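Heads up, the thing below is written out as structure tokens.
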Amino acid sequence: MAKLQDILYKVHLTQVHGSTAVEVKDIQIDSRHVSAGSVFVAIRGAASDGHRFIYNAVEAGAVAIVCEEMPEVMSDGVTYLQTSNTHESVAYMAHQFYGEPSLKMKLVGVTGTNGKTTIATLLFKLFTQLGYTCGLVSTVQNQIGDKIIPATHTTPDAVSLNALLKQMYDEGCTHVFMECSSHAIHQHRITGLQFTGALFSNITHDHLDYHKTFDEYIRVKKSFFDHLPATAFAVSNADDKRGEVMLQNTHAKKYFYSLKTLAAFKGKILENALTGLVMLVNDQEVHFRLIGEFNAYNLLAVYGAAMCLGEDKEKVLVKLSMLTGAEGRFDYIISGGLIIGIVDYAHTPDALENVLTTIRKLRKGHEQIITVVGCGGDRDKTKRPMMAQSACDLSDKVIFTSDNPRTEDASQILRDMEEGLSSAAKRKYISIVDRREAIKTAVSFANEDDIVLVAGKGHEKYQDIGGVKHPFDDKQVLKEMFELLNK
Ligand SMILES: CC(=O)N[C@H]1[C@@H](OP(=O)(O)OP(=O)(O)OC[C@H]2O[C@@H](n3ccc(=O)[nH]c3=O)[C@H](O)[C@@H]2O)O[C@H](CO)[C@@H](O)[C@@H]1O[C@H](C)C(=O)N[C@@H](C)C(=O)N[C@H](CCC(=O)O)C(=O)O
Ligand SMILES: Nc1ncnc2c1ncn2[C@@H]1O[C@H](COP(=O)(O)OP(=O)(O)OP(=O)(O)O)[C@@H](O)[C@H]1O
Ligand SMILES: N[C@H](CCC[C@H](N)C(=O)O)C(=O)O
Ligand SMILES: [Mg+2]
């Protein structure tokens, strides 16, 4: 419980109707979750407008309404507050309501197109190993110490997020590592949080369905750094074209990591094999279990953050060298017939190119690379032909299949992928709508030492077809096919 007026700190009110001394039980952004004593915040979304549900919220027992436009009819005994941006207001309100949890822990946010889950998860594992009780907010799952809390989003909505942060604090967390998706930054899900530090991995093509232009996507990511306080640290990738721009207007202390130029956190790859990476980290040779150049970047980001958080270099590198990555990220299994199966969450053109380039570098001879890949429905359509072309350019055989079609027609997504492929690419692929059949076919094509990459869904345990989530696990299916085909 809290008094409404006590959670309005930082909320710019343009009109007040009723008493702000009323007690509120919880904050809701969905009228369907409102009950007696709630404050309902009406948000204009992409699909619908919360203002349409103000009446329902009042019927369900809301004692207060926060909105951008006052309703024509107001009920007696209900407080109505008007603000210019309810997305932003609800974030400030939630932070206050849950006792400003971000001020009480070291909160580190990670943003970028690819690598967020890997970096946040590695930081969580590292700091847990260093003896801290940690929280994790990520695409795969949220975690409080060893307790797993399922995740529905990469970054939860502001109310769920602050409730989760409070729970983390209550359960003794001192450090929280969190992914900050561009959707979350744009929708103010993280507004009002006090970050101790922020990391940037890279920015490449994704989510243009939502952000419309690449410049706008960059602007949104950059705004995360623009809002950091001077007490925070910001660690960015000097080798990314936008790495410097990201930190251009930040008040935070700036640091860079790099494999190519001089930087505070400098790496040099000495060896990159299926057994792991050997890298010089600020002139110290370290063996890592993670694979691939892109993971060298992720490791440098993690190392940089650990140094900014004041940890001991030696200790950090020893612990880091033993860590494995996040589930479904370059996750590999070797079959009885010695075929290598790799499950990876690459679902952007850049990630797919990176993962395939890494695999090509790891080949000893002329082993075939057979790739199974699809693209998600209700998501950025422009990445479809790009991912298809990259898959063909960098593999020997490719099977296009369904990812999560969601509300789209799966065959149409495949046709979008096939659109504009080069003639060389056209000779390399077949399309099989059914993902299980696609994986089976890929395995049937493989011989000893060949590599089967199943890309796009990583850790996901379902396939969303028409809004229904059917159980599906790429790694499990791959294992089954190895056994079924006795390979
Ligand atoms: C495009 C997008 O980001 N949508 C998010 C957004 O929903 P929306 O704006 O479409 O909401 P809406 O359905 O229009 O409804 C508007 C408001 O009316 C309310 N409402 C609606 C119906 C009703 O009966 N009563 C009611 O009060 C809704 O609760 C909402 O507050 O706000 C919702 C609440 O925070 C999110 O759950 C929802 O995520 C959807 C499910 C989603 O799929 N989001 C993805 C794209 C996403 O956010 N992904 C990123 C990661 C991407 C990445 O980096 O790869 C993430 O952070 O997960
Ligand atoms: N630093 C990196 N640079 C480029 N590609 C990467 C990097 N790290 C991981 N990848 C590739 O991107 C995929 C997704 O990685 P990860 O889940 O860590 O990213 P993410 O930013 O959390 O993605 P999402 O936005 O979907 O949650 C991996 O499976 C791998 O193929
Ligand atoms: N966080 C990403 C996940 C994409 C994963 C891929 N399997 C897909 O469904 O497109 C998104 O919501 O866009
Ligand atoms: Mg993620």
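Chain identifiers are assigned as A, B, and so on, following the order in which chains appear in the structure tokens; residues are numbered from 1 within each chain, and ligands are numbered from 1 in order of appearance.
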
Distance query segment 102-111 of chain A at most 6 Å, only C-alpha atoms, self and fewer than 2 positions along chain excluded, as a list of chain:residue names:
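Near neighbours after the sequence-gap exclusion: A:Glu100, A:Lys116, A:Thr174, A:His175, A:Val176, A:Phe177, A:Met178, A:Glu179, A:Cys180, A:Leu193, A:Gln194, A:Phe195, A:Thr196, A:Gly197, A:Ala198, A:Leu199, A:Phe200.
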
With distances taken over only C-alpha atoms, which residue among A:Leu338, A:Met322, A:Leu277, A:Ala21 lies nearest Asn486 of chain A?
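Among the listed residues, the smallest separation from Asn486 of chain A belongs to A:Leu338.
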
Which value, in Å to one decimal, gives the distance between atom CA of Ala151 of chain A and atom CA of Ser138 of chain A?
7.1 Å

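Minimum atom-to-atom distance to Cys173 of chain A, evaluated using only C-alpha atoms, belongs to A:Leu136 out of A:Leu478, A:Ala2, A:Leu136, A:Leu309.
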
Need to verify the contact set: segment 465-471 of chain A, 10 Å, only C-alpha atoms, exclusion of same-chain residues closer than 2 positions in sequence. Can you return it as a list in words?
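Skipping anything fewer than 2 positions along the chain leaves Gly377, Ser402, Asp403, Asn404, Pro405, Arg406, Thr407, Glu408, Asp409, Ala410, Glu460, Lys461, Tyr462, Gln463 and Asp473 of chain A.
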
Protein and nucleic acid residues within 10 Å of ligand 3 (only C-alpha atoms and all ligand atoms) as number ranges by chain
A: 113, 139-140, 152-155, 181, 183, 206-207, 209-210, 345-348, 373-380, 402-406, 455-460, 462-464

What do you get as a ChimeraX atom specification if you pick all residues at most 6 Å from ligand 1, counting only C-alpha atoms and all ligand atoms?
/A:29-32,43-50,53,153-155,157,181,183-184

Selection from above, N, CA and C atoms, as a compact mmCIF listing (two decimals), in the first residue's frame, can you write it?
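To be explicit, this is the file written out as again28.txt:
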# COMPACT_ATOMS: atom_id res chain seq x y z
N ILE A 29 -1.45 -1.52 -15.52
CA ILE A 29 -1.52 -0.89 -16.84
C ILE A 29 -2.50 -1.65 -17.73
N ASP A 30 -3.03 -2.76 -17.20
CA ASP A 30 -4.01 -3.55 -17.95
C ASP A 30 -5.30 -3.59 -17.14
N SER A 31 -6.37 -3.07 -17.71
CA SER A 31 -7.65 -2.97 -16.97
C SER A 31 -8.11 -4.35 -16.50
N ARG A 32 -7.72 -5.39 -17.23
CA ARG A 32 -8.16 -6.74 -16.85
C ARG A 32 -7.53 -7.22 -15.55
N ILE A 43 -2.43 3.59 -21.05
CA ILE A 43 -1.30 3.74 -21.97
C ILE A 43 -1.78 3.58 -23.40
N ARG A 44 -1.29 4.46 -24.26
CA ARG A 44 -1.60 4.30 -25.69
C ARG A 44 -0.58 3.35 -26.28
N GLY A 45 -1.06 2.17 -26.68
CA GLY A 45 -0.13 1.15 -27.18
C GLY A 45 -0.13 1.08 -28.69
N ALA A 46 0.53 0.03 -29.18
CA ALA A 46 0.60 -0.17 -30.62
C ALA A 46 -0.69 -0.80 -31.13
N ALA A 47 -1.25 -1.70 -30.32
CA ALA A 47 -2.44 -2.43 -30.77
C ALA A 47 -3.73 -1.77 -30.30
N SER A 48 -3.73 -1.26 -29.08
CA SER A 48 -4.95 -0.60 -28.61
C SER A 48 -4.59 0.58 -27.69
N ASP A 49 -5.62 1.20 -27.11
CA ASP A 49 -5.41 2.39 -26.30
C ASP A 49 -6.03 2.20 -24.92
N GLY A 50 -5.19 2.20 -23.90
CA GLY A 50 -5.66 1.99 -22.53
C GLY A 50 -6.78 2.95 -22.12
N PHE A 53 -10.25 1.77 -21.83
CA PHE A 53 -10.62 0.82 -20.77
C PHE A 53 -10.72 1.48 -19.40
N HIS A 153 9.31 -11.22 -21.53
CA HIS A 153 9.92 -10.24 -22.41
C HIS A 153 11.42 -10.21 -22.11
N THR A 154 12.18 -9.58 -23.01
CA THR A 154 13.60 -9.35 -22.72
C THR A 154 13.69 -8.40 -21.52
N THR A 155 12.95 -7.30 -21.59
CA THR A 155 12.85 -6.34 -20.48
C THR A 155 11.37 -6.22 -20.12
N ASP A 157 7.67 -4.93 -18.49
CA ASP A 157 7.06 -3.60 -18.40
C ASP A 157 7.47 -2.96 -17.07
N SER A 181 16.20 -3.78 -23.86
CA SER A 181 15.87 -3.86 -25.28
C SER A 181 15.50 -2.47 -25.79
N HIS A 183 12.92 -1.72 -27.47
CA HIS A 183 11.48 -1.52 -27.21
C HIS A 183 11.31 -0.95 -25.80
N ALA A 184 12.07 -1.53 -24.86
CA ALA A 184 11.95 -1.13 -23.45
C ALA A 184 12.39 0.32 -23.27

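Straight-line separation from atom CA of Leu320 of chain A to atom CA of Ala306 of chain A: 10.3 Å.
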
Ranking A:Val137, A:Ile269, A:Ile339, A:Val443 by minimum distance to ligand 2 and counting only C-alpha atoms and all ligand atoms, which one comes first?
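Among A:Val137, A:Ile269, A:Ile339, A:Val443, it is A:Val137 that comes nearest to ligand 2.
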
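Assigned to strand (DSSP E) in segment 375-446 of chain A, given DSSP computed from backbone atoms, are Lys397, Val398, Ile399, Phe400, Tyr429, Ile430 and Ser431 of chain A.
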
Filtering to N, CA and C atoms, could you give me those residues as a short mmCIF file (atom, residue, chain, number, x, y, z; two decimals), in the first residue's frame?
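File written: result_10.cif
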data_model
loop_
_atom_site.label_atom_id
_atom_site.label_comp_id
_atom_site.auth_asym_id
_atom_site.auth_seq_id
_atom_site.Cartn_x
_atom_site.Cartn_y
_atom_site.Cartn_z
N LYS A 397 24.69 -26.19 -47.66
CA LYS A 397 23.28 -26.48 -47.94
C LYS A 397 22.44 -25.72 -46.92
N VAL A 398 21.26 -25.26 -47.37
CA VAL A 398 20.41 -24.52 -46.44
C VAL A 398 18.97 -25.03 -46.52
N ILE A 399 18.35 -25.13 -45.36
CA ILE A 399 16.94 -25.47 -45.35
C ILE A 399 16.19 -24.32 -44.70
N PHE A 400 15.36 -23.64 -45.48
CA PHE A 400 14.53 -22.57 -44.93
C PHE A 400 13.31 -23.21 -44.30
N TYR A 429 19.46 -24.07 -51.61
CA TYR A 429 18.45 -24.21 -50.56
C TYR A 429 17.23 -25.03 -50.96
N ILE A 430 16.55 -25.57 -49.96
CA ILE A 430 15.19 -26.06 -50.14
C ILE A 430 14.35 -25.47 -49.00
N SER A 431 13.05 -25.42 -49.18
CA SER A 431 12.18 -24.90 -48.12
C SER A 431 11.28 -26.01 -47.60
#

At what distance in Å, to one decimal, does atom CA of Ser390 of chain A lie from atom CA of Gly336 of chain A?
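Result for atom CA of Gly336 of chain A versus atom CA of Ser390 of chain A: 29.5 Å, one decimal.
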
Give the alpha helix (DSSP H) residues of segment 67-211 of chain A, as DSSP finds them on the backbone, and put them as an MDAnalysis selection string.
chainID A and resid 86:97 116:129 158:170 182:186 208:211

Please write the residues from the selection above to a file, keeping C-alpha atoms, as a tab-separated table (two decimals), in the first residue's frame.
chain	number	residue	atom	x	y	z
A	86	THR	CA	1.63	8.00	-19.17
A	87	HIS	CA	4.37	5.61	-20.37
A	88	GLU	CA	6.90	7.77	-18.54
A	89	SER	CA	4.66	8.49	-15.53
A	90	VAL	CA	3.96	4.84	-14.79
A	91	ALA	CA	7.69	4.12	-14.69
A	92	TYR	CA	8.32	6.85	-12.10
A	93	MET	CA	5.28	5.76	-10.11
A	94	ALA	CA	6.34	2.11	-10.08
A	95	HIS	CA	9.87	2.99	-8.96
A	96	GLN	CA	8.46	4.94	-6.00
A	97	PHE	CA	5.77	2.39	-5.21
A	116	LYS	CA	22.73	-8.68	-24.55
A	117	THR	CA	21.65	-12.03	-23.11
A	118	THR	CA	25.16	-13.43	-23.35
A	119	ILE	CA	26.76	-10.43	-21.62
A	120	ALA	CA	24.11	-10.10	-18.89
A	121	THR	CA	24.18	-13.85	-18.19
A	122	LEU	CA	27.98	-13.96	-18.05
A	123	LEU	CA	27.99	-11.00	-15.64
A	124	PHE	CA	25.38	-12.73	-13.48
A	125	LYS	CA	27.41	-15.97	-13.43
A	126	LEU	CA	30.69	-14.14	-12.81
A	127	PHE	CA	29.44	-12.05	-9.90
A	128	THR	CA	27.68	-15.05	-8.38
A	129	GLN	CA	31.02	-16.88	-8.53
A	158	ALA	CA	7.86	-0.88	-15.83
A	159	VAL	CA	5.50	-2.18	-13.14
A	160	SER	CA	6.60	-5.85	-13.38
A	161	LEU	CA	10.23	-4.74	-13.63
A	162	ASN	CA	10.18	-2.61	-10.47
A	163	ALA	CA	8.27	-5.33	-8.61
A	164	LEU	CA	10.96	-7.80	-9.67
A	165	LEU	CA	13.76	-5.42	-8.62
A	166	LYS	CA	12.12	-4.99	-5.21
A	167	GLN	CA	11.93	-8.77	-4.84
A	168	MET	CA	15.62	-8.98	-5.76
A	169	TYR	CA	16.50	-6.42	-3.12
A	170	ASP	CA	14.30	-8.09	-0.49
A	182	SER	CA	15.25	-0.96	-27.65
A	183	HIS	CA	11.48	-1.52	-27.21
A	184	ALA	CA	11.95	-1.13	-23.45
A	185	ILE	CA	13.97	2.08	-23.79
A	186	HIS	CA	11.46	3.53	-26.23
A	208	LEU	CA	12.85	-1.78	-38.25
A	209	ASP	CA	9.19	-2.79	-38.20
A	210	TYR	CA	8.99	-0.99	-34.86
A	211	HIS	CA	11.55	1.81	-35.10

If you count only C-alpha atoms, which residues fall within 9 Å of Pro71 of chain A, apart from same-chain ones fewer than 4 positions away, as a list in words?
His51, Ile54, Tyr55, Cys67 and Tyr80 of chain A

Preceding selection exported with C-alpha atoms as a compact mmCIF listing (two decimals), in the first residue's frame:
# COMPACT_ATOMS: atom_id res chain seq x y z
CA HIS A 51 -7.88 5.10 -22.42
CA ILE A 54 -10.79 3.54 -18.08
CA TYR A 55 -14.46 2.81 -17.49
CA CYS A 67 -4.30 9.29 -18.19
CA TYR A 80 -8.33 11.34 -12.07

Selected residue of minimal separation from Ala301 of chain A among A:Val454, A:Val477, A:Leu4, A:Ala238, counting only C-alpha atoms:
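Closest residue, counting only C-alpha atoms: A:Ala238.
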